[in-house]
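One structure is given below, encoded as structure tokens.
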Amino acid sequence: MSAREDVLRRVRAALGGSGAGTTAAGKVGTAPAPVEVPRAYRATGVHEAGSAEVLEQLVDRLVDYRAHVQRVAADDLPAVVAETLAEAGSVVVPPGLDEAWLGDLPRDVVVHRDAPDAPLSALDLDATGAVLTAARVACSETGTIVLDGEPDQGRRAISLVPDVHVCVVRADQVVETIPEAVRILAPHAERPQTWISGPSATSDIELDRVEGVHGPRTLHVLLVA
Amino acid sequence: MSTFLGLPGLRRREATSPEGGDPTEPWGAVPHPDEPLRWGESFPAAAKHTLKNEQLRRNLGHATATIRAKRAAVVDEVPDWEALRDTGSAVKEQVMAQLPDLLAQLEENVTARGGVVHWARDAAEANRIVTEIARARGADEVVKVKSMATQEIGLNEHLADEGIAAIETDLAELIVQLADDMPSHILVPAIHRNRAEIRDIFLARMGDAPPDLSDVPRELAMAARAHLRRKFLSAKVAVSGANFGVADTGTLAVVESEGNGRMCLTLPETLVTVMGIEKLIPTYTDLEVFLQLLPRSSTGERMNPYTSLWTGVTPGDGPQEFHLVLLDNGRTDVLADSVGRAALHCIRCSACLNVCPVYERVGGHAYGSVYPGPIGAILTPQLTASTGGVSGADDVNASLPYASTLCGACYDVCPVKIDIPSILVDLRAREVDADRGKHKVDPWKAAMKAASWVMSDGGRFGLAGRAATLGHGLGGRDGVISKAPPPVSAWTRERDLPAPPDETFRQWMAEHEKDGGER
Amino acid sequence: MRIALAATCIADTMFPGAPRATVRLLERLGHDVVFPRGQACCGQMHVNTGYFDEAVPVVRNHVETFAPVADGEWDAVVVPSGSCTGSIRHQQAMVCRRAGLDDLATTAEAVSARTYELSELLVDVLGLTDVGAWFPHRVTYHPTCHSLRMLRVGDKPLRLLRAVAGIDLVELPGAESCCGFGGTFALKNADTSGAMLADKTANVRATEAEVLTAGDYSCLMHIGGGLSRQRAGVGTLHLAEILASTREEPTELPPARAARQPADRRTEVAR
């Protein structure tokens with residue numbers, strides 16, 4: 001019998017399946033009662049996506065995680081991007097990034113364009129100062145930004161290896177609760193997702209939180225209204 | 001089998017650290033066991049030793065108090081916390097009821113997206129599968145994301161025996177690995193270490209640690225970052241566990257903080273994920289429940305810094321070869337117990353450890369399993385049931401269900417509402433029942449039988465109480481008994497026992513009723 | 001009200017002061033208290049140590065003794081113990097069902113639905129927080145685990161205590177942490193139990209209370225035994241014994257072994 005068949009046979013035996021034999025300990029279980037799953041939790045928040053309250057909460061949460069947050073008017077975005085990346089030296093951008101965002105970038109900041117047919121190596125990314133991406137959705141209650149690998153966000157490695165992540169979030173992408181965010185992501189659940197809540201951190205030493213470990217040590221969120 | 005300190009089942013790992021295993025190192029590491037789910041002495045004996053380690057108790061007291069306060073604060077701010085727990089509990093119950101179908105669905109979806117699904121009956125089979133994959137890629141080194149499943153099967157030790165170095169990349173796992181130690185907590189495996197001990201371990205064992213390393217947590221974390229960076233950038237094979245496997249999409253989830261998980265899940269060409277068969281959730285949408293419950297319960301954060309979700313292979317993004325190993329290793333034995341199966345609902349948040357007054361004093365190593373604390377006390381004996389974990393009178397794991405005062409703090413904080421106290425009691429009953437019919441002298445059993453006879457009748461009990469009043473004089477001038485024969489001597493070692501009163505309540509009540517309530 | 005008293009086995013034989021005080025208190029409040037003489041024990045010790053078969057006759061005796069409450073012969077059953085009430089409510093029916101005794105389980109549920117721990121009876125059923133008690137002493141309260149987490153009595157005992165005239169009620173640090181008793185845990189895991197007890201007694205002593213009170217004599221026996229051994233000078237009283245105390249009939253301070261003078265001086269030097 002293959003391991004697959006054997007394990008499934010044991011599972012059936014454990015659940016009281018007739019003729020399924022026994023588990024490894026020689027046990028046959030009983031069938032569990034049917035289960036009703038209650039769903040009384042909040043499916044939506046109190047405030048509209050992109051509302052002032054939701055944006056304020058997102059900023060509060062991100063700051064709590066030691067992320068840098070700036071609220072930016074759409075027209076000012078290229079200037080703020082340029083200012084944020086001024087010291088980076090080099091920046092990697094995903095293939096589908098809005099080129100206008102790079103419009104004001106100083107000449108001495110080298111831009112690497114990651115592309116499916118010409119991906120940067122991990123070592124290249126390690127030598128790059130920063131990454132600039134868009135985002136798919138953000139959740140204010142938990143201070144979470146989700147990237148799902150679409151062309152304006154790029155493959156996972158580019159937003160991971162550089163030490164500074166500059167992430168542009170549009171106000172209308174910000175929802176209040178996790179269920180609202182999940183329902184936006186669900187139609188494309190197969191996309192590789194990274195949920196980001198602040199810069200990398202650890203609490204492994206005496207449960208004291210230290211921000212900045214392997215993932216980007218600095219997270220800049222540019223919240224565009 | 002080699003022995004350590006005369007204890008069976010413990011071995012010192014072969015020299016995987018620069019200096020090799022030195023049993024005299026100052027930080028007193030627990031050597032690696034042959035069986036990660038059964039090592040050392042029985043709980044009471046092991047606890048007796050760990051209780052003497054005052055440094056350990058201070059470290060644990062500080063760490064658990066910190067995390068308890070953080071958890072309480074972020075749970076209190078969620079208005080629908082109880083509703084989320086109700087859903088989480090019911091979803092997990094549903095998973096167990098539909099496990100065969102959900103496993104098949106997960107397999108189908110992972111396969112459809114270019115992943116390869118393997119099944120493992122036990123630890124040996126899972127270890128063999130992972131080893132073969134690593135060897136086929138020509139890897140002599142794999143990077144690892146912290147995973148309880150791979151701890152449970154002793155994967156690192158197996159790979160080492162096969163000439164493949166497994167590099168733990170989670171900071172706490174790295175500390176434990178460098179110290180040649182065993183983890184003592186599900187979430188924070190090095191919770192038994194304080195900053196000064198961690199600095200000493202790094203200086204002694206991490207080849208590239210800066211010689212002027214201080215014990216400031218930030219500096220220690222930066223030393224780990226520098227140490228692991230090169231490994232991440234060059235690794236060919238990564239091994240991970242999974243927090244959740246989504247049946248209806250084939251999506252796997254890893255919840256983490258440091259970014260070491262993202263590194264392992266993203267940069268190597270090949271990813272192997274070892275997942276217990278109980279880690280399933282039915283739908284992608286169910287993540288909206290568990291990704292609220294888990295971070296607040298485990299690290300006491302509103303959300304953990306990073307959660308990675310992937311489905312099979314994504315062309316041009318991340319590992320282009322993905323293997324999922326579905327692990328039984330005793331889980332079906334747990335599932336067969338209609339009460340104990342709720343232990344499989346566990347999402348490994350470790351909130352129960354952090355609130356447990358027993359765990360807080362004795363630490364994780366006293367439980368003799370990679371699963372310590374209250375959840376370990378119900379999970380470990382059941383996972384090892386096929387080799388006597390619940391019923392074996394001489395099995396150290398059979399002592400675990402008694403490692404609790406049944407205070408109920410664990411049940412209160414469990415995000416999926418596992419009624420740990422009730423399962424502990426049920427496991428005790430299973431052990432007692434397994435011993436029935438065996439002709440051996442058991443003073444407990446004799447006492448319980450006698451007490452049952454006395455306590456099932458008011459008349460008999462009244463007489464017994466009256467007889468006890470004859471002992472009123474035993475208390476001497478203070479009215480207390482300070483020395484008693486076994487087994488009560490265990491009590492009088494640290495506590496006085498009051499002498500029986502000169503009159504039982506029912507004697508008093510009889511007079512009171514006679515006097516019409518005047519007395 | 002006609003209230004049946006389940007005295008609990010441990011209080012009946014070892015700590016009769018608690019059920020005596022319960023009787024005095026409830027009679028003072030104008031209720032009839034009945035003591036069904038068939039009672040012995042709720043079965044908790046047997047259940048919690050895994051001796052379910054041996055628990056069955058004990059549970060049967062309790063359920064049958066108190067079954068009249070389900071028929072309205074008494075209005076309620078009161079238990080001066082959180083953990084015994086917890087066992088009656090959460091374990092008795094389970095043990096009966098496991099033994100195939102479904103009818104007994106149904107009766108057990110009917111009895112337990114009318115069974116109350118003392119503070120529940122006073123606050124929830126009788127609607128009282130001020131029971132007219134007087135107890136002019138410094139007191140600290142330990143909320144026992146089963147009262148707190150199995151019964152969810154919350155702050156009911158504290159509300160009752162705060163209303164006691166003359167009382168100097170001081171908060172116990174780390175109050176919600178278990179004292180380490182756990183029934184046979186104290187014997188089977190004596191070292192761990194001792195470590196938990198040491199922390200609990202240190203917290204009690206830090207309050208400088210004269211009296212430690214709780215709703216369970218089992219926990220009080222444990223903590224009190226530790227305090228006595230340490231000669232801490234802190235005595236123990238059940239919640240009922242404080243609530244029963246009045247100016248006319250005051251509850252005496254319990255005997256508390258205290259350190260003799262030389263021992264005190266030794267402690268001073270050690271510091």
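Ligands are numbered from 1 in the order shown, residues from 1 within each chain, and chains are lettered A, B, ... in the order they appear in the structure tokens.
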Select all residues from chain B having any atom no more than 6 Å from an atom of chain C (counting only C-alpha atoms, ignoring ligands), output as a PyMOL selection string. chain B and resi 44+48+405+407+425+428-429+452+455-456+458+461+465+490+495-497+500+504-505
Based on the selection just made, write C-alpha atoms of those residues as a PDB file, in the first residue's frame.
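Generated file (result.pdb):
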```
ATOM      1  CA  PRO B  44       7.877  15.333  37.983  1.00  0.00           C
ATOM      2  CA  LYS B  48      12.526  18.833  40.000  1.00  0.00           C
ATOM      3  CA  THR B 405      -3.335  21.922  38.199  1.00  0.00           C
ATOM      4  CA  CYS B 407      -6.358  25.937  36.518  1.00  0.00           C
ATOM      5  CA  VAL B 425      -8.672  14.766  32.637  1.00  0.00           C
ATOM      6  CA  ARG B 428      -5.805  10.598  32.893  1.00  0.00           C
ATOM      7  CA  ALA B 429      -8.899   8.415  32.702  1.00  0.00           C
ATOM      8  CA  SER B 452     -15.203   5.784  46.287  1.00  0.00           C
ATOM      9  CA  MET B 455     -17.796   8.850  49.545  1.00  0.00           C
ATOM     10  CA  SER B 456     -20.783   7.323  47.825  1.00  0.00           C
ATOM     11  CA  GLY B 458     -23.715   9.790  53.496  1.00  0.00           C
ATOM     12  CA  PHE B 461     -18.942   9.244  55.028  1.00  0.00           C
ATOM     13  CA  GLY B 465     -15.572  11.963  59.339  1.00  0.00           C
ATOM     14  CA  ALA B 490       5.070  15.283  49.882  1.00  0.00           C
ATOM     15  CA  ARG B 495       3.121  22.934  54.062  1.00  0.00           C
ATOM     16  CA  ASP B 496       1.481  22.271  57.391  1.00  0.00           C
ATOM     17  CA  LEU B 497      -1.673  20.256  57.474  1.00  0.00           C
ATOM     18  CA  PRO B 500      -8.996  17.388  61.985  1.00  0.00           C
ATOM     19  CA  THR B 504     -17.457  17.493  61.824  1.00  0.00           C
ATOM     20  CA  PHE B 505     -19.892  19.815  60.163  1.00  0.00           C
TER      21      PHE B 505
END
```
Polymer residues at most 12 Å from C:Arg152, only C-alpha atoms, same-chain spacing of 5 or more positions, as a PyMOL selection string: (chain B and resi 408+412) or (chain C and resi 82-83+85-86+116-117+119-120+143-147+157)
For B:Ser234, which of B:Asn194, B:Thr266, B:Thr249, B:Thr50 is the closest residue, counting only C-alpha atoms?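 Checking each of B:Asn194, B:Thr266, B:Thr249, B:Thr50 against B:Ser234, counting only C-alpha atoms, the winner is B:Thr266.
What separates atom CA of A:Leu219 from atom CA of A:Ser90 is a distance of 15.9 Å.
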If you count only C-alpha atoms, which residues fall within 9 Å of stretch 152-158 of chain B, apart from same-chain ones fewer than 3 positions away, as a ChimeraX atom specification? /B:13-14,32-37,122-124,126-128,130-131,147-149,161-168,329,369-371
With only C-alpha atoms as the counted atoms, please give the residues lying no more than 6 Å from stretch 9-19 of chain A, apart from itself and same-chain residues fewer than 6 positions off, as a PyMOL selection string. (chain A and resi 28-31) or (chain B and resi 332+335-336)
Which of stretch 199-326 of chain B end up as strand (DSSP E or B) when DSSP is run on this backbone - answer as a PyMOL selection string? chain B and resi 237-240+244-246+251-256+270-276+280-281+306-311+314+317+321-326
Please write the residues from the selection above to a file, keeping C-alpha atoms, as a JSON list (two decimals), in the first residue's frame.
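Writing the result to part-v9.json gives the following:
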```json
[["chain", "number", "residue", "atom", "x", "y", "z"],
["B", 237, "VAL", "CA", 17.17, 24.16, -1.20],
["B", 238, "ALA", "CA", 14.92, 25.46, 1.56],
["B", 239, "VAL", "CA", 12.82, 23.49, 4.01],
["B", 240, "SER", "CA", 9.80, 25.00, 5.75],
["B", 244, "PHE", "CA", -1.99, 26.73, 7.10],
["B", 245, "GLY", "CA", -2.71, 24.70, 3.98],
["B", 246, "VAL", "CA", -5.78, 25.91, 2.10],
["B", 251, "THR", "CA", -2.28, 27.75, -1.04],
["B", 252, "LEU", "CA", 0.29, 27.37, 1.74],
["B", 253, "ALA", "CA", 0.91, 30.00, 4.41],
["B", 254, "VAL", "CA", 3.92, 30.79, 6.56],
["B", 255, "VAL", "CA", 3.54, 33.39, 9.28],
["B", 256, "GLU", "CA", 6.76, 34.97, 10.55],
["B", 270, "THR", "CA", 13.73, 24.25, -4.55],
["B", 271, "LEU", "CA", 11.33, 24.45, -1.62],
["B", 272, "VAL", "CA", 10.22, 21.51, 0.50],
["B", 273, "THR", "CA", 7.37, 22.12, 2.94],
["B", 274, "VAL", "CA", 6.61, 19.58, 5.65],
["B", 275, "MET", "CA", 3.07, 19.94, 6.95],
["B", 276, "GLY", "CA", 1.07, 17.93, 9.46],
["B", 280, "LEU", "CA", -5.60, 22.30, 6.71],
["B", 281, "ILE", "CA", -8.26, 24.91, 6.46],
["B", 306, "TYR", "CA", 5.40, 39.03, 7.29],
["B", 307, "THR", "CA", 2.98, 36.42, 6.05],
["B", 308, "SER", "CA", 3.84, 34.56, 2.85],
["B", 309, "LEU", "CA", 1.19, 32.79, 0.79],
["B", 310, "TRP", "CA", 2.08, 30.68, -2.22],
["B", 311, "THR", "CA", 0.25, 28.23, -4.42],
["B", 314, "THR", "CA", 4.60, 30.66, -9.91],
["B", 317, "ASP", "CA", 8.66, 34.16, -9.03],
["B", 321, "GLU", "CA", 10.32, 23.36, -7.77],
["B", 322, "PHE", "CA", 7.93, 22.86, -4.87],
["B", 323, "HIS", "CA", 7.38, 19.73, -2.77],
["B", 324, "LEU", "CA", 4.74, 19.34, -0.09],
["B", 325, "VAL", "CA", 5.19, 16.51, 2.42],
["B", 326, "LEU", "CA", 1.97, 15.60, 4.25]]
```
What are the closest atom pairs, with distances in Å to one decimal, for each residue of stretch 168-280 of chain B lying within 8 Å of stretch 206-213 of chain A, using only C-alpha atoms, rows by chain and rising residue number, as a Markdown table?
```
| residue | atom | partner | partner_atom | distance |
| --- | --- | --- | --- | --- |
| B:Ile191 | CA | A:Glu206 | CA | 6.4 |
| B:Arg193 | CA | A:Glu206 | CA | 7.5 |
| B:Asn194 | CA | A:Glu206 | CA | 6.0 |
| B:Arg195 | CA | A:Glu206 | CA | 7.0 |
| B:Pro217 | CA | A:Val210 | CA | 6.9 |
| B:Arg218 | CA | A:Val210 | CA | 5.8 |
| B:Ala221 | CA | A:Val213 | CA | 6.4 |
| B:Met222 | CA | A:Val213 | CA | 6.6 |
| B:Arg225 | CA | A:Val213 | CA | 5.9 |
| B:Glu258 | CA | A:Val213 | CA | 5.4 |
| B:Gly259 | CA | A:Val213 | CA | 6.9 |
```
Keeping N, CA and C atoms, export the residues of the selection given above as a tab-separated table (two decimals), in the first residue's frame.
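Output file result-v2.tsv follows:
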```tsv
chain	number	residue	atom	x	y	z
B	191	ILE	N	13.43	30.82	24.62
B	191	ILE	CA	12.85	31.67	25.67
B	191	ILE	C	13.56	31.44	26.99
B	193	ARG	N	16.64	31.45	27.43
B	193	ARG	CA	17.92	32.15	27.42
B	193	ARG	C	17.71	33.65	27.62
B	194	ASN	N	18.57	34.28	28.38
B	194	ASN	CA	18.53	35.74	28.44
B	194	ASN	C	19.61	36.30	27.52
B	195	ARG	N	19.65	37.61	27.41
B	195	ARG	CA	20.52	38.26	26.43
B	195	ARG	C	22.00	37.96	26.67
B	217	PRO	N	19.84	43.45	22.55
B	217	PRO	CA	19.12	42.62	21.59
B	217	PRO	C	19.30	43.07	20.13
B	218	ARG	N	19.31	44.37	19.88
B	218	ARG	CA	19.47	44.83	18.50
B	218	ARG	C	20.81	44.37	17.91
B	221	ALA	N	20.67	40.71	17.14
B	221	ALA	CA	19.89	40.45	15.93
B	221	ALA	C	20.69	40.81	14.68
B	222	MET	N	21.45	41.90	14.75
B	222	MET	CA	22.25	42.32	13.58
B	222	MET	C	23.38	41.32	13.31
B	225	ARG	N	21.81	38.61	11.43
B	225	ARG	CA	21.51	39.03	10.07
B	225	ARG	C	22.75	38.87	9.19
B	258	GLU	N	10.78	37.82	10.99
B	258	GLU	CA	12.12	38.35	10.72
B	258	GLU	C	12.44	38.54	9.24
B	259	GLY	N	11.68	37.83	8.38
B	259	GLY	CA	12.02	37.87	6.97
B	259	GLY	C	12.88	36.68	6.57
```
Residues near A:His68, cut-off 8 Å, only C-alpha atoms, skip fewer than 3 positions along chain, as a PyMOL selection string: chain A and resi 62-63+218-221
So that I can see what lies close to stretch 114-126 of chain A, please list as a PyMOL selection string the residues with an atom at most 10 Å from it, counting only C-alpha atoms and leaving out residues fewer than 4 positions away in the same chain. (chain A and resi 90-96+130-131+151+154-155+157-163) or (chain B and resi 229-230+232-234+267-268+315-317)
Excluding C:Ala165 and its own-chain neighbours fewer than 6 positions away, which residues fall within 12 Å of it when counting only C-alpha atoms? Please give them as JSON, numbers by chain. {"C": [130, 131, 132, 133, 134, 135, 136, 137, 138, 242, 243, 244, 245, 246, 247, 250]}
Filtering to N, CA and C atoms, could you give me those residues as an mmCIF file, in the first residue's frame?
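See again.cif below for the written result:
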```
data_model
loop_
_atom_site.group_PDB
_atom_site.id
_atom_site.type_symbol
_atom_site.label_atom_id
_atom_site.label_comp_id
_atom_site.auth_asym_id
_atom_site.auth_seq_id
_atom_site.Cartn_x
_atom_site.Cartn_y
_atom_site.Cartn_z
ATOM 1 N N ASP C 130 -24.497 43.685 49.754
ATOM 2 C CA ASP C 130 -24.264 43.993 51.166
ATOM 3 C C ASP C 130 -25.081 43.019 52.010
ATOM 4 N N VAL C 131 -24.387 42.116 52.687
ATOM 5 C CA VAL C 131 -25.104 41.117 53.487
ATOM 6 C C VAL C 131 -25.105 41.501 54.970
ATOM 7 N N GLY C 132 -24.723 42.744 55.255
ATOM 8 C CA GLY C 132 -24.771 43.238 56.632
ATOM 9 C C GLY C 132 -23.657 42.701 57.519
ATOM 10 N N ALA C 133 -22.533 42.376 56.896
ATOM 11 C CA ALA C 133 -21.445 41.785 57.678
ATOM 12 C C ALA C 133 -20.528 42.856 58.263
ATOM 13 N N TRP C 134 -19.798 42.471 59.301
ATOM 14 C CA TRP C 134 -18.833 43.366 59.959
ATOM 15 C C TRP C 134 -17.581 42.551 60.251
ATOM 16 N N PHE C 135 -16.466 43.012 59.777
ATOM 17 C CA PHE C 135 -15.227 42.252 59.979
ATOM 18 C C PHE C 135 -14.063 43.240 59.952
ATOM 19 N N PRO C 136 -13.688 43.788 61.110
ATOM 20 C CA PRO C 136 -12.737 44.909 61.122
ATOM 21 C C PRO C 136 -11.278 44.448 61.041
ATOM 22 N N HIS C 137 -10.918 43.818 59.941
ATOM 23 C CA HIS C 137 -9.547 43.305 59.808
ATOM 24 C C HIS C 137 -9.011 43.525 58.393
ATOM 25 N N ARG C 138 -7.687 43.410 58.310
ATOM 26 C CA ARG C 138 -7.034 43.564 57.001
ATOM 27 C C ARG C 138 -7.084 42.204 56.285
ATOM 28 N N ILE C 242 -16.307 35.272 56.656
ATOM 29 C CA ILE C 242 -16.239 36.731 56.773
ATOM 30 C C ILE C 242 -17.630 37.334 56.599
ATOM 31 N N LEU C 243 -18.371 36.790 55.619
ATOM 32 C CA LEU C 243 -19.710 37.337 55.366
ATOM 33 C C LEU C 243 -20.681 37.025 56.516
ATOM 34 N N ALA C 244 -20.407 35.972 57.270
ATOM 35 C CA ALA C 244 -21.283 35.611 58.390
ATOM 36 C C ALA C 244 -20.995 36.441 59.636
ATOM 37 N N SER C 245 -19.841 37.106 59.639
ATOM 38 C CA SER C 245 -19.413 37.837 60.826
ATOM 39 C C SER C 245 -20.225 39.124 61.022
ATOM 40 N N THR C 246 -20.724 39.327 62.224
ATOM 41 C CA THR C 246 -21.455 40.557 62.548
ATOM 42 C C THR C 246 -20.918 41.116 63.862
ATOM 43 N N ARG C 247 -21.316 42.334 64.190
ATOM 44 C CA ARG C 247 -20.911 42.941 65.463
ATOM 45 C C ARG C 247 -21.369 42.085 66.638
ATOM 46 N N PRO C 250 -19.282 38.151 66.016
ATOM 47 C CA PRO C 250 -18.131 38.291 65.133
ATOM 48 C C PRO C 250 -17.400 36.963 64.930
#
```
Gap from atom CA of C:Leu25 to atom CA of C:Leu122 - Å, one decimal: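 Separating atom CA of C:Leu25 from atom CA of C:Leu122 is a distance of 10.2 Å.
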What residues in stretch 164-339 of chain B get the DSSP label alpha helix (DSSP H)? Please answer as a ChimeraX atom specification. /B:171-178,195-205,217-234,260-266,287-298,331-335
Those same residues, written as a PDB file, in the first residue's frame with C-alpha atoms?
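Result written to again.pdb:
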```
ATOM      1  CA  LEU B 171      16.879  33.848  15.361  1.00  0.00           C
ATOM      2  CA  ALA B 172      15.681  31.750  18.280  1.00  0.00           C
ATOM      3  CA  GLU B 173      16.197  28.487  16.397  1.00  0.00           C
ATOM      4  CA  LEU B 174      19.669  29.675  15.479  1.00  0.00           C
ATOM      5  CA  ILE B 175      20.425  30.334  19.149  1.00  0.00           C
ATOM      6  CA  VAL B 176      19.205  26.861  20.062  1.00  0.00           C
ATOM      7  CA  GLN B 177      21.119  25.273  17.196  1.00  0.00           C
ATOM      8  CA  LEU B 178      24.367  27.080  17.961  1.00  0.00           C
ATOM      9  CA  ARG B 195      20.521  38.259  26.429  1.00  0.00           C
ATOM     10  CA  ALA B 196      23.787  37.641  28.217  1.00  0.00           C
ATOM     11  CA  GLU B 197      23.626  33.902  27.599  1.00  0.00           C
ATOM     12  CA  ILE B 198      22.787  34.523  23.937  1.00  0.00           C
ATOM     13  CA  ARG B 199      25.823  36.784  23.557  1.00  0.00           C
ATOM     14  CA  ASP B 200      28.017  34.075  25.078  1.00  0.00           C
ATOM     15  CA  ILE B 201      26.581  31.459  22.713  1.00  0.00           C
ATOM     16  CA  PHE B 202      27.132  33.700  19.671  1.00  0.00           C
ATOM     17  CA  LEU B 203      30.699  34.529  20.692  1.00  0.00           C
ATOM     18  CA  ALA B 204      31.547  30.884  21.254  1.00  0.00           C
ATOM     19  CA  ARG B 205      29.749  29.300  18.358  1.00  0.00           C
ATOM     20  CA  PRO B 217      19.115  42.616  21.586  1.00  0.00           C
ATOM     21  CA  ARG B 218      19.469  44.829  18.499  1.00  0.00           C
ATOM     22  CA  GLU B 219      23.172  44.057  18.205  1.00  0.00           C
ATOM     23  CA  LEU B 220      22.550  40.369  18.635  1.00  0.00           C
ATOM     24  CA  ALA B 221      19.888  40.446  15.931  1.00  0.00           C
ATOM     25  CA  MET B 222      22.254  42.315  13.585  1.00  0.00           C
ATOM     26  CA  ALA B 223      24.962  39.716  14.164  1.00  0.00           C
ATOM     27  CA  ALA B 224      22.483  37.023  13.140  1.00  0.00           C
ATOM     28  CA  ARG B 225      21.514  39.030  10.069  1.00  0.00           C
ATOM     29  CA  ALA B 226      25.103  39.313   8.903  1.00  0.00           C
ATOM     30  CA  HIS B 227      25.773  35.654   9.667  1.00  0.00           C
ATOM     31  CA  LEU B 228      22.832  34.366   7.621  1.00  0.00           C
ATOM     32  CA  ARG B 229      22.831  36.816   4.712  1.00  0.00           C
ATOM     33  CA  ARG B 230      25.322  34.860   2.625  1.00  0.00           C
ATOM     34  CA  LYS B 231      23.490  31.596   3.294  1.00  0.00           C
ATOM     35  CA  PHE B 232      20.215  33.018   2.018  1.00  0.00           C
ATOM     36  CA  LEU B 233      21.761  34.372  -1.161  1.00  0.00           C
ATOM     37  CA  SER B 234      23.416  31.084  -2.079  1.00  0.00           C
ATOM     38  CA  ASN B 260      14.047  34.681   7.201  1.00  0.00           C
ATOM     39  CA  GLY B 261      10.891  32.885   6.130  1.00  0.00           C
ATOM     40  CA  ARG B 262      10.510  35.079   3.054  1.00  0.00           C
ATOM     41  CA  MET B 263      14.175  34.518   2.215  1.00  0.00           C
ATOM     42  CA  CYS B 264      13.790  30.744   2.382  1.00  0.00           C
ATOM     43  CA  LEU B 265      10.442  30.678   0.590  1.00  0.00           C
ATOM     44  CA  THR B 266      11.573  32.999  -2.192  1.00  0.00           C
ATOM     45  CA  LEU B 287      -7.624  32.781   6.416  1.00  0.00           C
ATOM     46  CA  GLU B 288      -9.494  35.937   7.418  1.00  0.00           C
ATOM     47  CA  VAL B 289     -10.256  34.223  10.728  1.00  0.00           C
ATOM     48  CA  PHE B 290      -6.951  32.558  11.471  1.00  0.00           C
ATOM     49  CA  LEU B 291      -4.771  35.475  10.396  1.00  0.00           C
ATOM     50  CA  GLN B 292      -6.586  37.515  13.012  1.00  0.00           C
ATOM     51  CA  LEU B 293      -6.401  34.886  15.744  1.00  0.00           C
ATOM     52  CA  LEU B 294      -2.815  33.712  15.356  1.00  0.00           C
ATOM     53  CA  PRO B 295      -0.628  36.854  15.583  1.00  0.00           C
ATOM     54  CA  ARG B 296      -2.499  38.387  18.496  1.00  0.00           C
ATOM     55  CA  SER B 297      -2.367  35.095  20.384  1.00  0.00           C
ATOM     56  CA  SER B 298       1.250  34.261  19.664  1.00  0.00           C
ATOM     57  CA  ARG B 331      -1.849  12.366  14.093  1.00  0.00           C
ATOM     58  CA  THR B 332      -4.372   9.748  12.996  1.00  0.00           C
ATOM     59  CA  ASP B 333      -4.066   8.138  16.429  1.00  0.00           C
ATOM     60  CA  VAL B 334      -5.007  11.487  17.965  1.00  0.00           C
ATOM     61  CA  LEU B 335      -7.853  11.839  15.488  1.00  0.00           C
TER      62      LEU B 335
END
```
How many Å lie between atom CA of A:Glu190 and atom CA of B:Thr169, rounded to one decimal?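 Taking atom CA of A:Glu190 and atom CA of B:Thr169, their separation equals 26.4 Å.
With only C-alpha atoms as the atoms that count, the residue of A:Arg136, A:Arg107, A:His188, A:Arg71 with the shortest distance to chain B is A:His188.
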